[in-house]
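Notes follow the structure.
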Number of protein chains: 2
Amino acid sequence: MSLYDHIVACNTHDLGRFRPFIVAGERVGWVRHELAAQLERWPEVFDLSGERVTVAGGVGGAEERTAAMAEVCEALAGDGLLQPRRGEQFPVVAAFGDTPLLRLDRAWVPEFGVFAFGVHVNGYVETPAGPDLWIGVRSADSLVDPGKLDNMVAGGQPAGLSLEDNVIKEAEEEASAPAALARQARPAGAITYTKQIAAGLRRDVLFLYDLRVPDDFRPASRDGEHSGFEKMAAAQALRLVDETDRFKFNVNLVIIDFAIRHGVLAPEHPDYLKLIAGLRSGD
Amino acid sequence: MSLYDHIVACNTHDLGRFRPFIVAGERVGWVRHELAAQLERWPEVFDLSGERVTVAGGVGGAEERTAAMAEVCEALAGDGLLQPRRGEQFPVVAAFGDTPLLRLDRAWVPEFGVFAFGVHVNGYVETPAGPDLWIGVRSADSLVDPGKLDNMVAGGQPAGLSLEDNVIKEAEEEASAPAALARQARPAGAITYTKQIAAGLRRDVLFLYDLRVPDDFRPASRDGEHSGFEKMAAAQALRLVDETDRFKFNVNLVIIDFAIRHGVLAPEHPDYLKLIAGLRSGD
């Protein structure tokens, strides 16, 4: 796969197979027509008129909506129609930073096509030849892309935690980075994409951080998410993105973005402008 | 003006007032209907059928097209209908890096709504409190935005020069930066926008560079484009963008992009994701 192929892969979807998911008058997601048909069993929770899925007006307030949706999703998961819950609650919003209209278990976020926010941290050291990146190897029992290459630190953004606190928490769990180091992670932008998967629609927003670590720092997994780490030149990581499928699907985009920001990818690359625009293809 | 207002200002246009400009089967620009009506005087150069302006098939080859277009534009400039030529030739292409289909004087680039490529160099020093930017003050007789604040180095991308060589040339002319220093400028991405102006449509692509300069470096204008330079914290430059109209129209966007990439603008800013997407609004 070429660099741009990875961006296309993260943005392949057909909205014709989905209908809008509305909460409190705001379009917060997209539901597969097949799932919408199942939701007819709960007319007190969902209004299914007008080719849309609307949380019924009678279910008022974030807490009540959260409870009602959890009950429905648990029942559907019991029928094998949804994934089992993962025990991590994500906020449901029309835009990042809005007050959550409800909270939804992470497993059901793509089922309702709502935004999933996350943080990705490029751990790197500077060398005379350019930056070296610390790359994680995903453990064999990861739910998504086991065995693939990964950022040093990354994680979903749960409800009720600041981005910075999440970076500090994940850096500790995933790389054993002390808080004093993790606090030096510098926000560096964001990537957005919309990818259709079996479970629905991933509408992901990845907040990006660069964390320059000391030369003698060695990341070590505490939570078992990574089976190991290797340090490689950013140019080499970019080559792997360009020529192989070894990186986790969305980490390809994070590496491309890092390479562009750090001058590792030259503007003479024929897809340079397409890549820059494509890294922000989500809505 | 808020940060986002500057992005809106750079992207305000109404394509309904323009028709496509076609060369060798490729849409390379947009021409105002009023200008298209004037072009009827040269039926041997332009085919005006189908609500489009097409360089006639009889005008074959880049050199012949360049000469024919220059003759037409000189005549229109003589009638006061176009700006006078500036003596700098820009390539006309459907996408950056393509072999030019013709060359057009810089003054007439917006008249035909073709891409204009340029380089903008953020000259900066690192301090414990974050980066300081070297900011130029545009001379009082600048054609565009006289007296406004500017990047340390910026320039249009003429035909027949590499981006890197252009950075070195402009850094020497505009800031007296020696080539050995300018060569350290690191590509850091690009900004695109489409802005309607009296003379037509600016479809600009700015290739961005970061150049970390020594603490004792003092930029000095050689070509008179800047009347002086001042060093200010990037956070202060961003505040000026947010609260004033003191920067040249498109430099506002370059400062916002720099602030995002260097962690000066926090992801908690309510417009963060809109800003990131908006910086690449051009086609």
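How things are named: the first chain in the structure tokens is A, the next is B, and so on; residues count from 1 in each chain; ligands count from 1 in the order shown.
For chain B, the residues close to chain A, meaning within 7 Å and counting only C-alpha atoms, are Gly97, Arg186, Pro187, Ala188, Gly189, Ile260, Arg261, His262, Gly263, Ala266, Pro267, Pro270, Ala277 and Arg280 of chain B.
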(Q) With only C-alpha atoms as the counted atoms, please give the residues lying no more than 10 Å from Gly224 in chain A, apart from itself and same-chain residues fewer than 6 positions off, as a list in words. (A) Arg138, Ser139, Ala140, Asp141, Ser142, Glu173, Glu174 and Ala175 of chain A
Q: Find the spatial neighbours of Asp245 in chain B, counting only C-alpha atoms, within a cut-off of 9 Å - ignore same-chain residues fewer than 5 positions away - and output them as a ChimeraX atom specification.
A: /B:1,6,148,240,252
Limited to C-alpha atoms, could you put the picked residues into a file as a PDB file, in the first residue's frame?
ATOM      1  CA  MET B   1     -11.307  38.977  14.142  1.00  0.00           C
ATOM      2  CA  HIS B   6      -9.173  34.742   9.284  1.00  0.00           C
ATOM      3  CA  LYS B 148       1.253  44.643   8.043  1.00  0.00           C
ATOM      4  CA  LEU B 240      -2.441  39.365  17.682  1.00  0.00           C
ATOM      5  CA  ASN B 252      -2.627  34.808   9.920  1.00  0.00           C
TER       6      ASN B 252
END
**Q.** Near-Glu74 in chain A list (9 Å; only C-alpha atoms; drop same-chain fewer than 5 positions) as a ChimeraX atom specification
**A.** /A:69,79,82,84-85
Q.
When you look at Leu201 in chain A with a cut-off of 6 Å (counting only C-alpha atoms), what residues show up, excluding the ones that are within fewer than 6 positions of it in the same chain? I need them as a list in words.
A. Pro110, Gly113 and Lys195 of chain A
Q: Using CA of Ala62 in chain A and CA of Pro43 in chain A as the two end points, give the distance in Å to one decimal.
A: 18.5 Å
(Q) Considering only strand (DSSP E) as DSSP defines it on the backbone, what residues of range 90-159 of chain A qualify? List them as number ranges by chain. (A) A: 90-92, 102-105, 115-127, 130-138, 149-150, 153-156
Residues of the last selection are to be written out with N, CA and C atoms, as a tab-separated table (two decimals), in the first residue's frame.
chain	number	residue	atom	x	y	z
A	90	PHE	N	-17.70	6.34	26.63
A	90	PHE	CA	-17.31	7.46	25.77
A	90	PHE	C	-18.44	8.48	25.75
A	91	PRO	N	-18.10	9.77	25.65
A	91	PRO	CA	-19.14	10.79	25.56
A	91	PRO	C	-19.75	10.82	24.16
A	92	VAL	N	-21.05	11.08	24.10
A	92	VAL	CA	-21.72	11.25	22.81
A	92	VAL	C	-22.01	12.74	22.64
A	102	LEU	N	-25.13	12.04	26.16
A	102	LEU	CA	-25.24	10.77	26.87
A	102	LEU	C	-23.85	10.14	26.83
A	103	ARG	N	-23.69	9.01	27.53
A	103	ARG	CA	-22.44	8.27	27.46
A	103	ARG	C	-22.75	6.87	26.93
A	104	LEU	N	-21.80	6.33	26.16
A	104	LEU	CA	-22.03	5.05	25.50
A	104	LEU	C	-20.78	4.20	25.70
A	105	ASP	N	-21.01	2.89	25.97
A	105	ASP	CA	-19.85	2.02	26.11
A	105	ASP	C	-19.04	2.03	24.81
A	115	PHE	N	-18.79	10.06	17.22
A	115	PHE	CA	-17.36	10.38	17.30
A	115	PHE	C	-16.69	9.57	18.40
A	116	ALA	N	-15.47	9.10	18.10
A	116	ALA	CA	-14.60	8.55	19.14
A	116	ALA	C	-13.34	9.41	19.15
A	117	PHE	N	-13.03	9.98	20.30
A	117	PHE	CA	-11.85	10.82	20.43
A	117	PHE	C	-10.73	10.01	21.07
A	118	GLY	N	-9.51	10.27	20.67
A	118	GLY	CA	-8.39	9.55	21.24
A	118	GLY	C	-7.15	10.42	21.23
A	119	VAL	N	-6.13	9.96	21.94
A	119	VAL	CA	-4.84	10.64	21.93
A	119	VAL	C	-3.78	9.68	21.40
A	120	HIS	N	-2.90	10.17	20.53
A	120	HIS	CA	-1.77	9.39	20.04
A	120	HIS	C	-0.50	10.19	20.31
A	121	VAL	N	0.45	9.54	20.94
A	121	VAL	CA	1.68	10.22	21.35
A	121	VAL	C	2.86	9.65	20.56
A	122	ASN	N	3.49	10.51	19.76
A	122	ASN	CA	4.72	10.13	19.09
A	122	ASN	C	5.88	10.29	20.07
A	123	GLY	N	6.39	9.18	20.60
A	123	GLY	CA	7.58	9.24	21.44
A	123	GLY	C	8.79	9.22	20.53
A	124	TYR	N	9.67	10.22	20.67
A	124	TYR	CA	10.80	10.29	19.72
A	124	TYR	C	12.04	10.86	20.39
A	125	VAL	N	13.19	10.58	19.77
A	125	VAL	CA	14.45	11.22	20.15
A	125	VAL	C	14.99	11.91	18.91
A	126	GLU	N	15.70	13.02	19.10
A	126	GLU	CA	16.32	13.72	17.97
A	126	GLU	C	17.71	13.13	17.75
A	127	THR	N	18.06	12.92	16.49
A	127	THR	CA	19.42	12.51	16.15
A	127	THR	C	19.90	13.44	15.03
A	130	GLY	N	17.99	13.14	11.94
A	130	GLY	CA	16.54	13.30	11.99
A	130	GLY	C	15.96	12.53	13.16
A	131	PRO	N	14.64	12.62	13.36
A	131	PRO	CA	14.04	11.98	14.53
A	131	PRO	C	13.97	10.46	14.41
A	132	ASP	N	14.18	9.78	15.54
A	132	ASP	CA	13.89	8.35	15.69
A	132	ASP	C	12.61	8.22	16.48
A	133	LEU	N	11.74	7.33	16.07
A	133	LEU	CA	10.46	7.11	16.75
A	133	LEU	C	10.51	5.83	17.58
A	134	TRP	N	9.92	5.90	18.77
A	134	TRP	CA	9.70	4.68	19.54
A	134	TRP	C	8.37	4.07	19.06
A	135	ILE	N	8.46	2.82	18.58
A	135	ILE	CA	7.32	2.14	17.97
A	135	ILE	C	6.95	0.95	18.86
A	136	GLY	N	5.67	0.85	19.23
A	136	GLY	CA	5.21	-0.29	20.00
A	136	GLY	C	4.80	-1.44	19.10
A	137	VAL	N	4.92	-2.65	19.63
A	137	VAL	CA	4.41	-3.83	18.91
A	137	VAL	C	3.17	-4.30	19.67
A	138	ARG	N	2.02	-4.30	19.02
A	138	ARG	CA	0.77	-4.63	19.69
A	138	ARG	C	0.76	-6.10	20.10
A	149	LEU	N	2.37	-2.81	14.32
A	149	LEU	CA	3.18	-1.73	14.90
A	149	LEU	C	2.27	-0.57	15.31
A	150	ASP	N	2.72	0.18	16.29
A	150	ASP	CA	1.83	1.15	16.95
A	150	ASP	C	2.65	2.36	17.40
A	153	VAL	N	2.49	5.47	22.60
A	153	VAL	CA	1.37	5.62	23.52
A	153	VAL	C	0.14	6.05	22.73
A	154	ALA	N	-0.99	5.42	22.99
A	154	ALA	CA	-2.25	5.85	22.37
A	154	ALA	C	-3.40	5.33	23.19
A	155	GLY	N	-4.51	6.02	23.16
A	155	GLY	CA	-5.65	5.53	23.92
A	155	GLY	C	-6.89	6.32	23.58
A	156	GLY	N	-8.03	5.66	23.80
A	156	GLY	CA	-9.31	6.35	23.62
A	156	GLY	C	-9.48	7.41	24.70
Q. If you measure from CA of Arg222 in chain B to CA of Ala171 in chain B, what distance in Å do you get, rounded to one decimal?
A.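 According to the coordinates, CA of Arg222 in chain B and CA of Ala171 in chain B are separated by 9.7 Å.
Residues in contact with Leu81 in chain A at 10 Å, where only C-alpha atoms are counted and same-chain residues fewer than 5 positions away are skipped, are listed as Leu35, Gln38, Cys73, Glu74, Ala75, Leu76 and Ala199 of chain A.
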**Q.** Distance of CA of Val93 in chain A from CA of Val28 in chain A, expressed in Å to one decimal place
**A.** 5.9 Å
Q. Hey, what's within 10 Å of Arg218 in chain B if we count only C-alpha atoms and toss same-chain stuff fewer than 5 positions away? As an MDAnalysis selection string, please?
A. chainID B and resid 134 175:177 213 229:231
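Taking only range 32-88 of chain B, the residues that DSSP calls alpha helix (DSSP H) from the backbone come to His33, Glu34, Leu35, Ala36, Ala37, Gln38, Ala62, Glu63, Glu64, Arg65, Thr66, Ala67, Ala68, Met69, Ala70, Glu71, Val72, Cys73, Glu74, Ala75, Leu76, Ala77 and Gly78 of chain B.
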